[in-house]
>>> print(open('target30.cif').read())   # mmCIF, C-alpha atoms
data_coords
#
loop_
_atom_site.label_atom_id
_atom_site.label_comp_id
_atom_site.auth_asym_id
_atom_site.auth_seq_id
_atom_site.Cartn_x
_atom_site.Cartn_y
_atom_site.Cartn_z
CA MET A 1 -22.74 -19.58 70.23
CA ILE A 2 -19.37 -21.02 69.36
CA GLU A 3 -18.07 -20.34 65.84
CA THR A 4 -17.05 -23.10 63.43
CA GLU A 5 -13.57 -21.63 63.31
CA GLN A 6 -13.30 -21.91 67.09
CA ILE A 7 -14.21 -25.60 66.87
CA PHE A 8 -11.36 -26.12 64.42
CA GLU A 9 -9.01 -24.20 66.71
CA ARG A 10 -10.06 -26.27 69.69
CA ALA A 11 -9.59 -29.49 67.72
CA ARG A 12 -6.21 -28.35 66.45
CA SER A 13 -5.01 -27.79 70.01
CA LEU A 14 -5.80 -31.38 71.03
CA PRO A 15 -2.67 -33.52 71.45
CA LEU A 16 -4.40 -36.34 69.58
CA PHE A 17 -4.73 -34.21 66.44
CA ALA A 18 -1.51 -32.24 66.88
CA SER A 19 0.40 -33.73 63.95
CA LEU A 20 -2.43 -33.63 61.41
CA SER A 21 -2.25 -31.32 58.43
CA GLU A 22 -5.09 -28.88 57.92
CA ALA A 23 -6.65 -31.14 55.27
CA GLU A 24 -6.32 -34.24 57.46
CA LEU A 25 -7.88 -32.48 60.43
CA GLN A 26 -10.78 -31.38 58.26
CA ALA A 27 -11.23 -34.95 57.01
CA VAL A 28 -11.35 -36.21 60.60
CA LEU A 29 -13.71 -33.48 61.77
CA LEU A 30 -16.07 -34.23 58.89
CA GLN A 31 -16.66 -37.60 60.56
CA CYS A 32 -17.15 -36.18 64.04
CA GLN A 33 -20.40 -35.03 65.59
CA ILE A 34 -21.38 -32.06 67.66
CA ALA A 35 -23.95 -32.54 70.37
CA LEU A 36 -25.68 -30.03 72.60
CA TYR A 37 -26.71 -31.05 76.12
CA LEU A 38 -28.90 -28.71 78.12
CA LYS A 39 -27.98 -28.09 81.73
CA GLY A 40 -28.87 -31.07 83.91
CA LYS A 41 -28.98 -33.62 81.08
CA ASN A 42 -27.17 -36.93 81.36
CA ILE A 43 -24.45 -37.35 78.73
CA PHE A 44 -23.71 -40.95 79.64
CA ARG A 45 -24.23 -43.22 82.62
CA GLU A 46 -21.67 -45.12 84.64
CA GLY A 47 -21.38 -48.63 83.20
CA ALA A 48 -22.74 -47.66 79.77
CA HIS A 49 -20.82 -48.85 76.74
CA GLY A 50 -18.18 -46.24 75.97
CA ASP A 51 -16.93 -46.13 72.39
CA SER A 52 -16.31 -42.46 71.74
CA LEU A 53 -14.00 -39.61 72.52
CA MET A 54 -15.57 -36.37 73.71
CA VAL A 55 -14.18 -32.87 73.78
CA VAL A 56 -15.89 -30.13 75.74
CA LEU A 57 -16.21 -27.23 73.29
CA GLN A 58 -18.34 -25.13 75.59
CA GLY A 59 -19.93 -25.62 79.00
CA ASP A 60 -19.14 -27.86 81.95
CA ILE A 61 -19.48 -31.53 82.77
CA SER A 62 -19.80 -33.10 86.18
CA LEU A 63 -18.49 -36.67 86.51
CA ARG A 64 -20.26 -38.64 89.21
CA CYS A 65 -19.81 -42.10 90.64
CA ALA A 66 -22.18 -44.21 92.67
CA ALA A 67 -20.90 -44.58 96.22
CA GLU A 68 -21.47 -47.64 98.37
CA ASP A 69 -24.63 -46.38 100.08
CA GLY A 70 -26.37 -45.54 96.80
CA VAL A 71 -25.63 -41.82 96.81
CA THR A 72 -23.65 -40.31 93.95
CA VAL A 73 -20.44 -38.44 94.51
CA GLU A 74 -18.93 -35.90 92.15
CA VAL A 75 -15.45 -37.14 91.28
CA ALA A 76 -14.44 -34.47 88.76
CA THR A 77 -15.62 -31.46 86.82
CA LEU A 78 -14.53 -30.88 83.24
CA GLY A 79 -14.54 -27.50 81.57
CA GLU A 80 -13.85 -26.20 78.09
CA GLY A 81 -11.10 -28.03 76.26
CA ALA A 82 -11.31 -31.12 78.48
CA VAL A 83 -11.11 -34.47 76.72
CA LEU A 84 -12.54 -37.74 77.87
CA GLY A 85 -12.60 -41.22 76.44
CA GLU A 86 -9.38 -41.36 74.39
CA MET A 87 -8.99 -45.01 75.35
CA ALA A 88 -12.50 -45.82 74.12
CA LEU A 89 -11.33 -45.01 70.59
CA ILE A 90 -9.15 -48.11 70.69
CA ASP A 91 -10.74 -50.35 73.28
CA PRO A 92 -14.38 -49.71 74.19
CA ALA A 93 -15.19 -50.29 77.85
CA PRO A 94 -17.94 -49.43 80.33
CA ARG A 95 -17.86 -45.75 81.34
CA ALA A 96 -16.23 -45.36 84.72
CA ALA A 97 -18.54 -42.52 85.79
CA THR A 98 -21.80 -40.79 84.96
CA ALA A 99 -21.40 -37.54 83.05
CA VAL A 100 -23.97 -34.77 83.56
CA ALA A 101 -24.02 -31.39 81.84
CA SER A 102 -23.69 -28.90 84.69
CA ASP A 103 -24.23 -26.05 82.25
CA ASN A 104 -25.48 -25.93 78.66
CA THR A 105 -22.73 -27.95 77.02
CA LEU A 106 -21.49 -28.42 73.49
CA LEU A 107 -19.45 -31.56 72.80
CA LEU A 108 -17.33 -32.68 69.88
CA ILE A 109 -17.73 -36.45 69.61
CA MET A 110 -15.51 -38.86 67.70
CA HIS A 111 -16.68 -42.45 67.53
CA LYS A 112 -14.41 -45.47 67.46
CA ASP A 113 -15.94 -46.29 64.05
CA THR A 114 -14.41 -43.11 62.67
CA LEU A 115 -10.90 -44.14 63.66
CA ASP A 116 -11.58 -47.70 62.45
CA GLN A 117 -12.69 -46.27 59.12
CA LEU A 118 -9.59 -44.10 58.82
CA ILE A 119 -7.47 -47.18 59.49
CA ALA A 120 -9.42 -49.38 57.09
CA THR A 121 -9.09 -46.87 54.26
CA ASP A 122 -5.36 -46.26 54.86
CA HIS A 123 -6.10 -42.61 55.50
CA PRO A 124 -2.87 -40.68 56.22
CA ALA A 125 -4.46 -39.28 59.38
CA ALA A 126 -4.70 -42.76 60.96
CA PRO A 127 -1.01 -43.40 61.77
CA LYS A 128 -0.64 -39.81 62.98
CA VAL A 129 -3.56 -40.02 65.38
CA LEU A 130 -2.35 -43.41 66.62
CA GLN A 131 1.20 -42.16 67.10
CA GLN A 132 -0.10 -39.27 69.21
CA LEU A 133 -2.30 -41.66 71.16
CA LEU A 134 0.69 -43.89 71.89
CA GLN A 135 2.60 -40.85 73.17
CA LEU A 136 -0.30 -39.92 75.40
CA LEU A 137 -0.55 -43.47 76.73
CA ALA A 138 3.20 -43.63 77.35
CA GLY A 139 2.90 -40.48 79.47
CA ARG A 140 0.06 -41.98 81.48
CA PHE A 141 1.95 -45.22 81.86
CA ARG A 142 4.93 -43.44 83.35
CA THR A 143 2.71 -41.41 85.67
CA MET A 144 1.03 -44.59 86.84
CA GLU A 145 4.35 -46.31 87.51
CA ASP A 146 5.50 -43.24 89.45
CA ARG A 147 2.36 -43.33 91.55
CA ILE A 148 2.74 -47.01 92.31
CA GLY A 149 6.30 -46.22 93.34
CA GLU A 150 5.06 -43.51 95.68
CA ILE A 151 2.53 -45.85 97.26
CA PHE A 152 5.26 -48.37 97.77
CA GLU A 153 7.58 -45.81 99.39
CA SER A 154 4.81 -44.54 101.67
CA ARG A 155 3.93 -48.03 102.83
CA LEU A 156 7.57 -48.65 103.43
CA GLU A 157 7.73 -45.65 105.76
CA VAL A 158 4.61 -46.70 107.63
CA HIS A 159 5.84 -50.23 108.20
CA GLN A 160 9.46 -49.58 108.96
CA PRO A 161 11.17 -50.80 110.90
CA GLY A 162 10.86 -54.47 111.37
CA THR A 163 7.89 -55.66 109.32
CA PRO A 164 8.52 -58.47 106.88
CA GLN A 165 9.34 -56.71 103.68
CA ALA A 166 9.30 -59.91 101.70
CA ALA A 167 5.51 -59.74 101.81
CA TRP A 168 5.74 -56.91 99.30
CA ASN A 169 8.24 -58.73 97.21
CA LEU A 170 10.84 -56.25 98.24
CA VAL A 171 14.29 -56.75 96.84
CA PRO A 172 16.42 -53.94 98.29
CA GLY A 173 19.07 -52.78 95.89
CA GLU A 174 19.25 -56.02 93.96
CA MET B 1 19.61 -66.09 65.33
CA SER B 2 16.40 -65.71 63.38
CA ILE B 3 12.88 -66.46 64.54
CA GLU B 4 10.56 -69.09 63.15
CA PRO B 5 7.28 -67.34 62.24
CA VAL B 6 5.36 -70.11 64.01
CA PHE B 7 6.52 -68.72 67.39
CA LEU B 8 4.73 -65.45 66.67
CA LYS B 9 1.38 -67.24 66.57
CA ALA B 10 1.54 -67.56 70.36
CA ILE B 11 1.63 -63.79 70.79
CA PRO B 12 -1.87 -62.35 71.33
CA LEU B 13 -0.68 -58.89 70.29
CA LEU B 14 -0.02 -60.20 66.79
CA ARG B 15 -3.29 -62.04 66.39
CA GLY B 16 -4.50 -59.43 63.89
CA PHE B 17 -1.51 -60.07 61.64
CA SER B 18 -1.77 -62.22 58.54
CA SER B 19 0.66 -65.12 58.06
CA THR B 20 2.54 -63.05 55.49
CA GLU B 21 2.87 -60.18 57.95
CA GLN B 22 3.99 -62.51 60.71
CA ARG B 23 6.68 -63.85 58.38
CA GLU B 24 7.74 -60.33 57.53
CA LEU B 25 7.90 -59.39 61.19
CA ALA B 26 9.80 -62.57 62.01
CA ARG B 27 12.53 -61.47 59.60
CA MET B 28 12.92 -58.25 61.59
CA LEU B 29 13.31 -60.08 64.90
CA GLU B 30 16.33 -61.59 66.59
CA LEU B 31 16.12 -64.52 68.96
CA VAL B 32 17.71 -63.66 72.30
CA PRO B 33 18.13 -66.51 74.80
CA VAL B 34 18.48 -65.22 78.38
CA GLU B 35 19.68 -67.15 81.40
CA ALA B 36 17.74 -66.98 84.69
CA GLY B 37 18.78 -63.99 86.78
CA VAL B 38 20.00 -61.86 83.88
CA ARG B 39 18.83 -58.25 83.73
CA PHE B 40 18.32 -57.45 80.07
CA ILE B 41 16.60 -54.07 80.35
CA GLU B 42 18.18 -51.55 82.67
CA GLN B 43 16.21 -48.73 84.25
CA GLY B 44 17.48 -45.32 83.13
CA SER B 45 19.04 -46.64 79.96
CA THR B 46 17.73 -45.86 76.49
CA SER B 47 19.38 -48.79 74.74
CA GLY B 48 17.84 -52.01 73.46
CA GLY B 49 14.53 -52.30 71.70
CA PHE B 50 11.16 -53.95 71.98
CA TYR B 51 10.75 -57.55 73.13
CA PHE B 52 8.25 -60.36 72.76
CA VAL B 53 8.50 -63.07 75.42
CA LEU B 54 8.51 -66.39 73.54
CA ASP B 55 9.17 -68.53 76.58
CA GLY B 56 10.00 -68.29 80.26
CA GLN B 57 9.08 -65.71 82.89
CA VAL B 58 10.42 -62.21 83.45
CA ARG B 59 9.98 -59.70 86.23
CA ILE B 60 9.56 -55.96 85.73
CA ALA B 61 11.07 -54.25 88.74
CA ARG B 62 11.38 -50.60 89.57
CA GLN B 63 14.27 -49.09 91.42
CA LEU B 64 13.12 -46.30 93.76
CA PRO B 65 15.06 -43.22 94.86
CA SER B 66 15.41 -44.85 98.30
CA GLY B 67 17.35 -47.68 96.67
CA HIS B 68 14.57 -50.20 97.17
CA GLU B 69 13.28 -52.20 94.29
CA PHE B 70 9.81 -53.60 93.89
CA THR B 71 8.06 -55.73 91.33
CA LEU B 72 5.58 -54.01 89.04
CA ALA B 73 4.65 -57.08 87.08
CA ARG B 74 5.57 -60.56 86.01
CA MET B 75 5.22 -61.44 82.36
CA GLY B 76 5.33 -64.73 80.52
CA LYS B 77 5.00 -66.25 77.11
CA GLY B 78 3.19 -64.07 74.61
CA HIS B 79 3.69 -60.73 76.37
CA VAL B 80 5.52 -57.66 75.18
CA LEU B 81 8.14 -55.51 76.89
CA GLY B 82 10.04 -52.32 76.43
CA PHE B 83 7.46 -50.29 74.51
CA LEU B 84 7.62 -47.10 76.59
CA THR B 85 11.13 -46.12 75.50
CA MET B 86 10.34 -47.12 71.93
CA VAL B 87 7.30 -44.83 71.91
CA ASP B 88 8.53 -41.75 73.76
CA GLY B 89 12.32 -42.03 73.58
CA GLN B 90 12.64 -41.50 77.33
CA PRO B 91 14.82 -43.73 79.54
CA ARG B 92 13.62 -47.17 80.64
CA SER B 93 11.24 -46.84 83.58
CA ALA B 94 12.17 -50.17 85.16
CA ASN B 95 14.56 -53.10 85.13
CA VAL B 96 13.51 -56.34 83.49
CA ILE B 97 15.04 -59.51 84.83
CA ALA B 98 14.63 -63.09 83.61
CA GLU B 99 13.28 -65.18 86.49
CA THR B 100 13.67 -68.38 84.56
CA LYS B 101 15.65 -69.24 81.49
CA ALA B 102 13.81 -67.26 78.82
CA ALA B 103 13.60 -66.87 75.07
CA LEU B 104 12.93 -63.40 73.74
CA ALA B 105 12.27 -62.06 70.28
CA HIS B 106 14.05 -58.73 70.08
CA LEU B 107 12.97 -55.96 67.72
CA PRO B 108 15.87 -53.48 67.75
CA ALA B 109 14.94 -49.81 68.18
CA ALA B 110 15.68 -48.84 64.57
CA ARG B 111 13.51 -51.67 63.29
CA PHE B 112 10.73 -50.77 65.69
CA GLN B 113 10.68 -47.26 64.21
CA GLU B 114 10.86 -48.73 60.72
CA LEU B 115 7.89 -50.98 61.45
CA ILE B 116 5.78 -48.28 63.05
CA SER B 117 6.42 -45.64 60.38
CA SER B 118 6.17 -47.94 57.40
CA PRO B 119 3.44 -47.07 54.86
CA LYS B 120 2.19 -50.67 55.00
CA PRO B 121 -1.17 -51.38 56.65
CA MET B 122 0.74 -53.57 59.11
CA ALA B 123 2.26 -50.43 60.66
CA VAL B 124 -1.06 -48.89 61.61
CA ARG B 125 -2.36 -52.21 62.87
CA PHE B 126 0.70 -52.66 65.04
CA GLN B 127 0.24 -49.15 66.48
CA ARG B 128 -3.37 -49.93 67.30
CA LEU B 129 -2.56 -53.31 68.86
CA LEU B 130 0.17 -51.75 70.97
CA ALA B 131 -2.14 -48.95 72.08
CA ARG B 132 -4.74 -51.53 73.10
CA GLU B 133 -2.17 -53.48 75.09
CA MET B 134 -1.13 -50.31 76.92
CA ILE B 135 -4.75 -49.32 77.59
CA ARG B 136 -5.58 -52.72 79.08
CA THR B 137 -2.56 -52.62 81.36
CA LEU B 138 -3.41 -49.09 82.46
CA ARG B 139 -7.00 -50.06 83.23
CA ARG B 140 -5.87 -53.10 85.18
CA ALA B 141 -3.52 -50.97 87.25
CA ASN B 142 -6.24 -48.36 87.82
CA GLN B 143 -8.62 -50.98 89.14
CA ARG B 144 -5.94 -52.27 91.45
CA PHE B 145 -5.22 -48.77 92.67
CA THR B 146 -8.47 -48.73 94.56
CA ARG B 147 -7.17 -51.62 96.63
CA ALA B 148 -3.65 -50.25 96.87
CA ALA B 149 -3.70 -49.87 100.64
CA THR B 150 -4.00 -53.60 101.21
CA LEU B 151 -2.82 -55.23 98.02
CA PRO B 152 0.62 -56.75 97.67
CA LEU B 153 2.33 -54.22 95.46
CA GLU B 154 3.78 -56.79 93.15
CA ASP B 155 1.70 -57.83 90.18
CA PHE B 156 0.14 -54.39 89.98
CA MET B 157 0.32 -54.51 86.24
CA SER B 158 0.67 -58.23 85.63
CA PRO B 159 -1.78 -59.95 83.36
CA GLU B 160 -4.00 -62.39 85.24
CA HIS B 161 -2.74 -65.35 83.30
CA PHE B 162 0.38 -66.11 81.44
CA GLY B 163 0.75 -67.80 78.12
CA ASP B 164 -2.09 -69.26 76.19
CA GLU B 165 -4.74 -66.57 76.62
#
>>> encode(input="target30.cif", output="structure tokens")
Amino acid sequence: MIETEQIFERARSLPLFASLSEAELQAVLLQCQIALYLKGKNIFREGAHGDSLMVVLQGDISLRCAAEDGVTVEVATLGEGAVLGEMALIDPAPRAATAVASDNTLLLIMHKDTLDQLIATDHPAAPKVLQQLLQLLAGRFRTMEDRIGEIFESRLEVHQPGTPQAAWNLVPGE
Amino acid sequence: MSIEPVFLKAIPLLRGFSSTEQRELARMLELVPVEAGVRFIEQGSTSGGFYFVLDGQVRIARQLPSGHEFTLARMGKGHVLGFLTMVDGQPRSANVIAETKAALAHLPAARFQELISSPKPMAVRFQRLLAREMIRTLRRANQRFTRAATLPLEDFMSPEHFGDE
């Protein structure tokens, strides 16, 4: 079984908690929960209300999506240290996939309420967690813009030469 | 030129701000009128700050290594611009060009940092509101990704509606 100290270590290594002092991290972890899912158990279903962040402390998770013909397809596997649901801490939304424990799995769970409470009480951890979250989002934003750029370039190659580029709102070297 | 606090009421991002906070923020902002066609954020640069669109329409366009440029999004009244560089200090990821005559409220970089690191409750609320704005744009783009093969690539990140949402 995982030791308490290892849970702290794992939490300390999360980007979201990276700038917290020891005392602040402890205050945050006091509000978190630990849940054990036996192998094969559903952790959450696709479409369910998602309002928590989860960290895999031990075990493995399989993320599955419903395909068009009703079968489910595994879209990702998450192992120890993986984090899911950072965005749900700020803006709850339906889960994009079903999560199933593919091994006995121990999760650290932080609810949106916990962050809300830290904010409402002016806890010094709140701006630090939010600042880290903004950094994380900025990174994802840039990755997304890069990927859109790649899609654009690849479509450009496929269609060249001669197709009407204006359809893609193309403004070469403006 | 200073900003009348009443203009900030039209900005959804600031809906969680009290009137006092909106007045305080208004004092930190500068009104920047921009003529149609003017590029006021330049990709690759780290200058400038954070902007609220008070009026008009702007286009966020990305310059690719091939020299082509394409539109990532169009933004109108009430939307915010330029947060990436303010958050991570990296160069601007795209150009922003006024498509019509536009009025912007500019929060210079130093004041953005001042606002976000202030001990006032407003700072944390602003961080959270900004994070939510970024999350919603990311989700929108993710959903559109699944249709990327057929979708016009413009408006990938644009909000569905401008203005009075």
>>> interface_residues(input="target30.cif", of="chain A", to="chain B", cutoff="10 Å", atoms="only C-alpha atoms", output="VMD selection string")
chain A and resid 86 to 93 116 119 to 122 124 126 to 142 144 to 153 155 to 156 167 to 174
>>> atom_distance(input="target30.cif", atom1="atom CA of B:Leu104", atom2="atom CA of B:Phe40")
10.2 Å
>>> axis_aligned_box(input="target30.cif", around="stretch 91-99 of chain A", padding_each_side="3 Å", output="AutoDock Vina command-line options")
--center_x -16.3 --center_y -43.9 --center_z 79.5 --size_x 17.1 --size_y 18.8 --size_z 18.5
>>> resolve_selection(input="target30.cif", expression="the PyMOL selection byres ((chain A and resi 34) around 12)", output="NGL selection string")
:A and (2 or 4 or 7 or 29-33 or 35-37 or 53-58 or 105-111)
>>> atom_distance(input="target30.cif", atom1="atom CA of A:Ser13", atom2="atom CA of A:His49")
27.2 Å
>>> atom_distance(input="target30.cif", atom1="atom CA of A:Ala23", atom2="atom CA of A:Ala125")
9.4 Å
>>> closest_residue(input="target30.cif", among="A:Glu24, A:Ala67, A:Ala96, A:Leu115", to="A:Leu84", atoms="all atoms listed in the file")
A:Ala96
>>> residues_around(input="target30.cif", residues="B:Ile3", least_positions_apart="4", cutoff="7 Å", atoms="all atoms listed in the file", output="ChimeraX atom specification")
/B:26,29-31
>>> residues_near_point(input="target30.cif", point="(-15.3, -28.5, 78.2)", cutoff="6 Å", atoms="all atoms listed in the file", output="PDB file with C-alpha atoms, in the coordinates of the input")
ATOM      1  CA  VAL A  56     -15.890 -30.130  75.740  1.00  0.00           C
ATOM      2  CA  LEU A  57     -16.210 -27.230  73.290  1.00  0.00           C
ATOM      3  CA  GLN A  58     -18.340 -25.130  75.590  1.00  0.00           C
ATOM      4  CA  GLY A  59     -19.930 -25.620  79.000  1.00  0.00           C
ATOM      5  CA  ASP A  60     -19.140 -27.860  81.950  1.00  0.00           C
ATOM      6  CA  LEU A  78     -14.530 -30.880  83.240  1.00  0.00           C
ATOM      7  CA  GLY A  79     -14.540 -27.500  81.570  1.00  0.00           C
ATOM      8  CA  GLU A  80     -13.850 -26.200  78.090  1.00  0.00           C
ATOM      9  CA  GLY A  81     -11.100 -28.030  76.260  1.00  0.00           C
ATOM     10  CA  ALA A  82     -11.310 -31.120  78.480  1.00  0.00           C
TER      11      ALA A  82
END
>>> residues_around(input="target30.cif", residues="B:Glu21", least_positions_apart="4", cutoff="8 Å", atoms="all atoms listed in the file", output="PyMOL selection string")
chain B and resi 17+25+122
>>> resolve_selection(input="target30.cif", expression="the PyMOL selection byres ((chain A and resi 61) around 7)", output="PyMOL selection string")
chain A and resi 60+62-63+77-79+99-102
